[in-house]
Amino acid sequence: MAQEISFDITPEKQASQLQFLRRQLFGGPPVLSRRDFDLSGKTAIVTGANGGLGLECSRHLLNLGVSKLIIAVRNEAKGEAAREALTTVLEVGQSIEVWKLDYSSYESIQAFAQQAEDLKPRPDIVILNAAFNRTDFALNLETGHEEVLQINYLSNVLLILLFLRIFKNTKSVTSPGRITVVSSDMAGWAKFDERNEVPLLKAFNKEASYDKFDRYSTTKLLSQLFVSEIAKRVSPSLAVINCANPGLCWGGMMGGETSAISNAFIRIICRSLSTGARALVDAAVRQDESSHGQYVEDGKLRPMAPFVYSEEAEQLTQQLWKETMEKLSSAGVKEIVESLAQA
Ligand SMILES: NC(=O)c1ccc[n+]([C@@H]2O[C@H](COP(=O)([O-])OP(=O)(O)OC[C@H]3O[C@@H](n4cnc5c(N)ncnc54)[C@H](OP(=O)(O)O)[C@@H]3O)[C@@H](O)[C@H]2O)c1
């Protein structure tokens with residue numbers, strides 16, 4: 001269960017369609033200015049940064065003066081095009097590197113984390129933005145897990161843990177490392193029909209019950225459960241880890257997939273990618289230690305999905321934790337978690 005803090009809205013109200021609409025139409029993240037948040041000297045990593053919200057996060061980070069920006073992409077040609085697009089905001093003393101990262105391969109994730117571990121100075125800010133959705137059911141050929149669960153949950157968790165190891169190994173650096181996991185309103189709408197199944201993660205491998213929207217929503221919910229749990233085991237003086245909601249944004253994953261009428265409606269209520277990305281960067285650079293293990297939306301701490309605070313979530317999170325640790329054990333995650341307790 002997520003750590004109880006007092007919010008000015010209940011989780012149920014936060015997850016209601018009416019509040020969602022209200023946020024879309026009248027909400028928005030605070031403006032971030034370089035005068036208040038100067039990131040010069042810092043290194044930031046954004047995954048899935050070749051387009052959509054990741055590219056816009058990159059642009060905001062450069063505007064805030066970040067010295068080194070690493071754009072992590074599965075397709076290096078797209079990464080180079082993104083780098084090219086970002087050169088218009090690049091200033092003297094800033095650099096952009098394109099690094100290969102394919103969430104569908106543990107080998108790629110581990111090689112990427114090793115590259116990040118070798119960075120000097122160490123990375124300061126990590127925005128785990130990459131995610132995926134698909135209409136048809138498919139299993140990941142390497143791990144045997146359903147592909148959306150693999151990319152949006154298991155691979156994301158592996159990256160969280162590998163970055164925590166980097167932050168632990170460079171603890172002497174005065175400011176805590178920052179990890180922001182990109183979440184979604186849809187976590188609060190997940191039906192999560194698999195929740196009573198044991199083992200849990202394998203239950204997502206049933207093609208007959210695959211539903212594109214519910215699978216995506218559930219993977220975002222599972223990430224919230226994981227972030228709440230890992231935050232209890234990591235001191236925020238070592239790393240502040242939070243989830244952030246960009247709101248519904250036109251572009252990126254959104255747009256063009258539904259009927260013309262729904263598209264027109266979605267377009268009206270959508271934010272721009274730049275606005276959504278600002279909400280994510282706010283969570284990564286402006287929010288303090290109180291956001292550790294929490295969900296940030298439009299510059300404020302907000303409740304995660306209602307399920308996260310339910311009695312049911314307590315036992316389920318332990319089951320999820322146990323299975324996740326087992327699934328990722330070959331990458332040494334148990335040792336990482338043990339070492340974090342001593343850090
Ligand atoms: N747009 C919205 O309204 C909205 C709302 C709430 C939350 N979000 C979240 O915001 C984040 C960005 O979404 P977006 O709308 O900007 O969508 P997007 O443009 O499709 O961005 C997703 C990024 O993830 C990358 N990616 C997908 N599979 C990958 C893999 N196997 N390995 C590495 N990278 C992979 C994509 O790379 P390719 O270009 O190579 O496919 C792309 O760069 C996601 O976490 C999404 O869930 C979006």
# chains A, B, ... in the order shown; residues from 1 in each chain; ligands from 1
call {"tool": "select_by_dssp", "arguments": {"residues": "stretch 117-180 of chain A", "states": "strand (DSSP E)", "output": "ChimeraX atom specification"}}
result
/A:125-128,177-180
call {"tool": "closest_atom_pairs", "arguments": {"of": "stretch 233-262 of chain A", "to": "stretch 123-129 of chain A", "cutoff": "10 Å", "atoms": "only C-alpha atoms", "output": "CSV"}}
result
residue,atom,partner,partner_atom,distance
A:Ala239,CA,A:Asp124,CA,9.4
A:Val240,CA,A:Ile125,CA,9.7
A:Ile241,CA,A:Val126,CA,9.5
A:Asn242,CA,A:Ile127,CA,9.9
A:Cys243,CA,A:Leu128,CA,9.4
A:Ala244,CA,A:Ile127,CA,9.6
call {"tool": "residues_near_ligand", "arguments": {"ligand": "ligand 1", "cutoff": "7 Å", "atoms": "only C-alpha atoms and all ligand atoms", "output": "count of residues only"}}
result
34
call {"tool": "residues_around", "arguments": {"residues": "stretch 87-89 of chain A", "least_positions_apart": "6", "cutoff": "8 Å", "atoms": "only C-alpha atoms", "output": "ChimeraX atom specification"}}
result
/A:59,62-63
call {"tool": "closest_residue", "arguments": {"among": "A:Ala343, A:Leu25, A:Leu18, A:Ala305", "to": "A:Arg271", "atoms": "only C-alpha atoms"}}
result
A:Leu25
call {"tool": "select_by_dssp", "arguments": {"residues": "stretch 61-221 of chain A", "states": "alpha helix (DSSP H)", "output": "short mmCIF file (atom, residue, chain, number, x, y, z; two decimals) with C-alpha atoms, in the first residue's frame"}}
result
data_model
loop_
_atom_site.label_atom_id
_atom_site.label_comp_id
_atom_site.auth_asym_id
_atom_site.auth_seq_id
_atom_site.Cartn_x
_atom_site.Cartn_y
_atom_site.Cartn_z
CA LEU A 61 15.76 20.11 -19.87
CA LEU A 62 18.01 21.87 -22.39
CA ASN A 63 16.12 25.12 -21.84
CA GLU A 76 19.34 5.20 -33.47
CA ALA A 77 18.38 6.84 -36.76
CA LYS A 78 15.30 8.31 -35.04
CA GLY A 79 17.56 9.33 -32.15
CA GLU A 80 19.90 11.18 -34.49
CA ALA A 81 16.94 12.98 -36.06
CA ALA A 82 15.81 14.00 -32.55
CA ARG A 83 19.28 15.25 -31.72
CA GLU A 84 19.25 17.28 -34.89
CA ALA A 85 15.83 18.76 -33.95
CA LEU A 86 17.15 19.71 -30.52
CA TYR A 106 17.42 -7.32 -21.00
CA GLU A 107 20.81 -7.43 -22.71
CA SER A 108 20.20 -3.99 -24.20
CA ILE A 109 18.96 -2.62 -20.86
CA GLN A 110 21.97 -3.94 -18.99
CA ALA A 111 24.43 -2.64 -21.60
CA PHE A 112 22.73 0.75 -21.41
CA ALA A 113 22.90 0.79 -17.61
CA GLN A 114 26.58 -0.15 -17.76
CA GLN A 115 27.20 2.78 -20.10
CA ALA A 116 25.37 5.04 -17.62
CA GLU A 117 27.40 3.60 -14.73
CA GLU A 147 5.05 -7.53 -24.60
CA VAL A 148 3.19 -4.52 -23.11
CA LEU A 149 3.69 -5.86 -19.58
CA ASN A 156 10.99 -0.20 -16.59
CA VAL A 157 11.45 -1.75 -13.15
CA LEU A 158 14.79 -3.22 -14.17
CA LEU A 159 15.93 0.25 -15.25
CA ILE A 160 14.75 1.76 -11.94
CA LEU A 161 16.79 -0.78 -10.00
CA LEU A 162 19.91 -0.46 -12.17
CA PHE A 163 19.81 3.33 -11.79
CA LEU A 164 19.40 2.96 -8.04
CA ARG A 165 22.61 0.90 -8.07
CA ILE A 166 24.35 3.73 -9.92
CA PHE A 167 23.11 6.27 -7.36
CA LYS A 168 24.18 4.01 -4.51
CA ASN A 169 27.66 3.57 -5.97
CA LYS A 212 -5.26 -3.08 -25.45
CA PHE A 213 -6.57 -0.29 -23.21
CA ASP A 214 -6.83 -2.33 -20.06
CA ARG A 215 -3.39 -3.84 -20.52
CA TYR A 216 -1.79 -0.41 -20.91
CA SER A 217 -3.70 0.95 -17.89
CA THR A 218 -2.77 -2.05 -15.76
CA THR A 219 0.93 -1.76 -16.59
CA LYS A 220 0.82 1.87 -15.42
CA LEU A 221 -0.96 0.74 -12.23
#
call {"tool": "closest_residue", "arguments": {"among": "A:Glu207, A:Leu200, A:Ser272, A:Ser175", "to": "A:Lys322", "atoms": "only C-alpha atoms"}}
result
A:Leu200
call {"tool": "atom_distance", "arguments": {"atom1": "atom CA of A:Glu12", "atom2": "atom CA of A:Arg302"}}
result
11.3 Å
call {"tool": "residues_around", "arguments": {"residues": "A:Ser235", "least_positions_apart": "2", "cutoff": "10 Å", "atoms": "only C-alpha atoms", "output": "MDAnalysis selection string"}}
result
chainID A and resid 176 230:233 237:241 289 292 340:343
call {"tool": "residues_around", "arguments": {"residues": "A:Ser330", "least_positions_apart": "2", "cutoff": "12 Å", "atoms": "only C-alpha atoms", "output": "compact mmCIF listing (two decimals) with N, CA and C atoms, in the first residue's frame"}}
result
# COMPACT_ATOMS: atom_id res chain seq x y z
N TYR A 106 16.68 -7.54 -22.26
CA TYR A 106 17.42 -7.32 -21.00
C TYR A 106 18.89 -7.04 -21.29
N GLU A 107 19.40 -7.66 -22.36
CA GLU A 107 20.81 -7.43 -22.71
C GLU A 107 21.02 -5.95 -23.04
N GLN A 110 20.79 -3.83 -19.85
CA GLN A 110 21.97 -3.94 -18.99
C GLN A 110 23.18 -3.24 -19.61
N THR A 143 11.75 -13.20 -23.01
CA THR A 143 11.32 -13.46 -21.63
C THR A 143 10.05 -14.30 -21.54
N LEU A 158 13.36 -2.88 -14.13
CA LEU A 158 14.79 -3.22 -14.17
C LEU A 158 15.62 -1.94 -14.28
N THR A 324 8.39 -10.12 -9.28
CA THR A 324 9.25 -9.21 -10.06
C THR A 324 10.72 -9.47 -9.75
N MET A 325 11.01 -9.63 -8.45
CA MET A 325 12.40 -9.88 -8.05
C MET A 325 12.90 -11.20 -8.65
N GLU A 326 12.02 -12.20 -8.66
CA GLU A 326 12.42 -13.50 -9.23
C GLU A 326 12.68 -13.37 -10.72
N LYS A 327 11.75 -12.69 -11.41
CA LYS A 327 11.88 -12.55 -12.88
C LYS A 327 13.15 -11.82 -13.27
N LEU A 328 13.57 -10.87 -12.43
CA LEU A 328 14.73 -10.04 -12.80
C LEU A 328 16.00 -10.49 -12.06
N GLY A 332 20.72 -9.45 -11.05
CA GLY A 332 21.27 -9.10 -9.73
C GLY A 332 20.40 -8.12 -8.94
N VAL A 333 19.10 -8.12 -9.18
CA VAL A 333 18.26 -7.10 -8.52
C VAL A 333 18.10 -7.35 -7.01
N LYS A 334 18.13 -8.63 -6.60
CA LYS A 334 17.98 -8.90 -5.15
C LYS A 334 19.16 -8.26 -4.41
N GLU A 335 20.34 -8.43 -4.97
CA GLU A 335 21.55 -7.86 -4.34
C GLU A 335 21.45 -6.32 -4.33
N ILE A 336 20.91 -5.76 -5.40
CA ILE A 336 20.78 -4.29 -5.42
C ILE A 336 19.87 -3.85 -4.28
call {"tool": "closest_atom_pairs", "arguments": {"of": "stretch 178-290 of chain A", "to": "stretch 29-45 of chain A", "cutoff": "12 Å", "atoms": "only C-alpha atoms", "output": "CSV"}}
result
residue,atom,partner,partner_atom,distance
A:Arg178,CA,A:Ala44,CA,9.3
A:Ile179,CA,A:Ile45,CA,9.6
A:Thr180,CA,A:Ile45,CA,10.5
A:Ala244,CA,A:Pro29,CA,11.1
A:Asn245,CA,A:Pro29,CA,10.1
A:Pro246,CA,A:Pro29,CA,8.7
A:Gly247,CA,A:Pro29,CA,9.7
A:Arg271,CA,A:Pro29,CA,10.7
A:Ser272,CA,A:Pro29,CA,11.7
A:Ser274,CA,A:Pro29,CA,10.5
A:Thr275,CA,A:Pro29,CA,7.0
A:Gly276,CA,A:Pro29,CA,7.7
A:Ala277,CA,A:Pro29,CA,9.1
A:Arg278,CA,A:Pro29,CA,6.4
A:Ala279,CA,A:Pro29,CA,5.0
A:Leu280,CA,A:Pro29,CA,8.8
A:Val281,CA,A:Leu32,CA,8.6
A:Asp282,CA,A:Leu32,CA,7.2
A:Ala283,CA,A:Pro29,CA,9.7
A:Ala284,CA,A:Ala44,CA,9.8
A:Val285,CA,A:Phe37,CA,7.5
A:Arg286,CA,A:Phe37,CA,7.4
A:Gln287,CA,A:Phe37,CA,11.1
call {"tool": "closest_residue", "arguments": {"among": "A:Asn205, A:Ser105, A:Asn196, A:Ser290", "to": "A:Gln315", "atoms": "only C-alpha atoms"}}
result
A:Asn196
call {"tool": "atom_distance", "arguments": {"atom1": "atom CA of A:His145", "atom2": "atom CA of A:Ala203"}}
result
9.5 Å
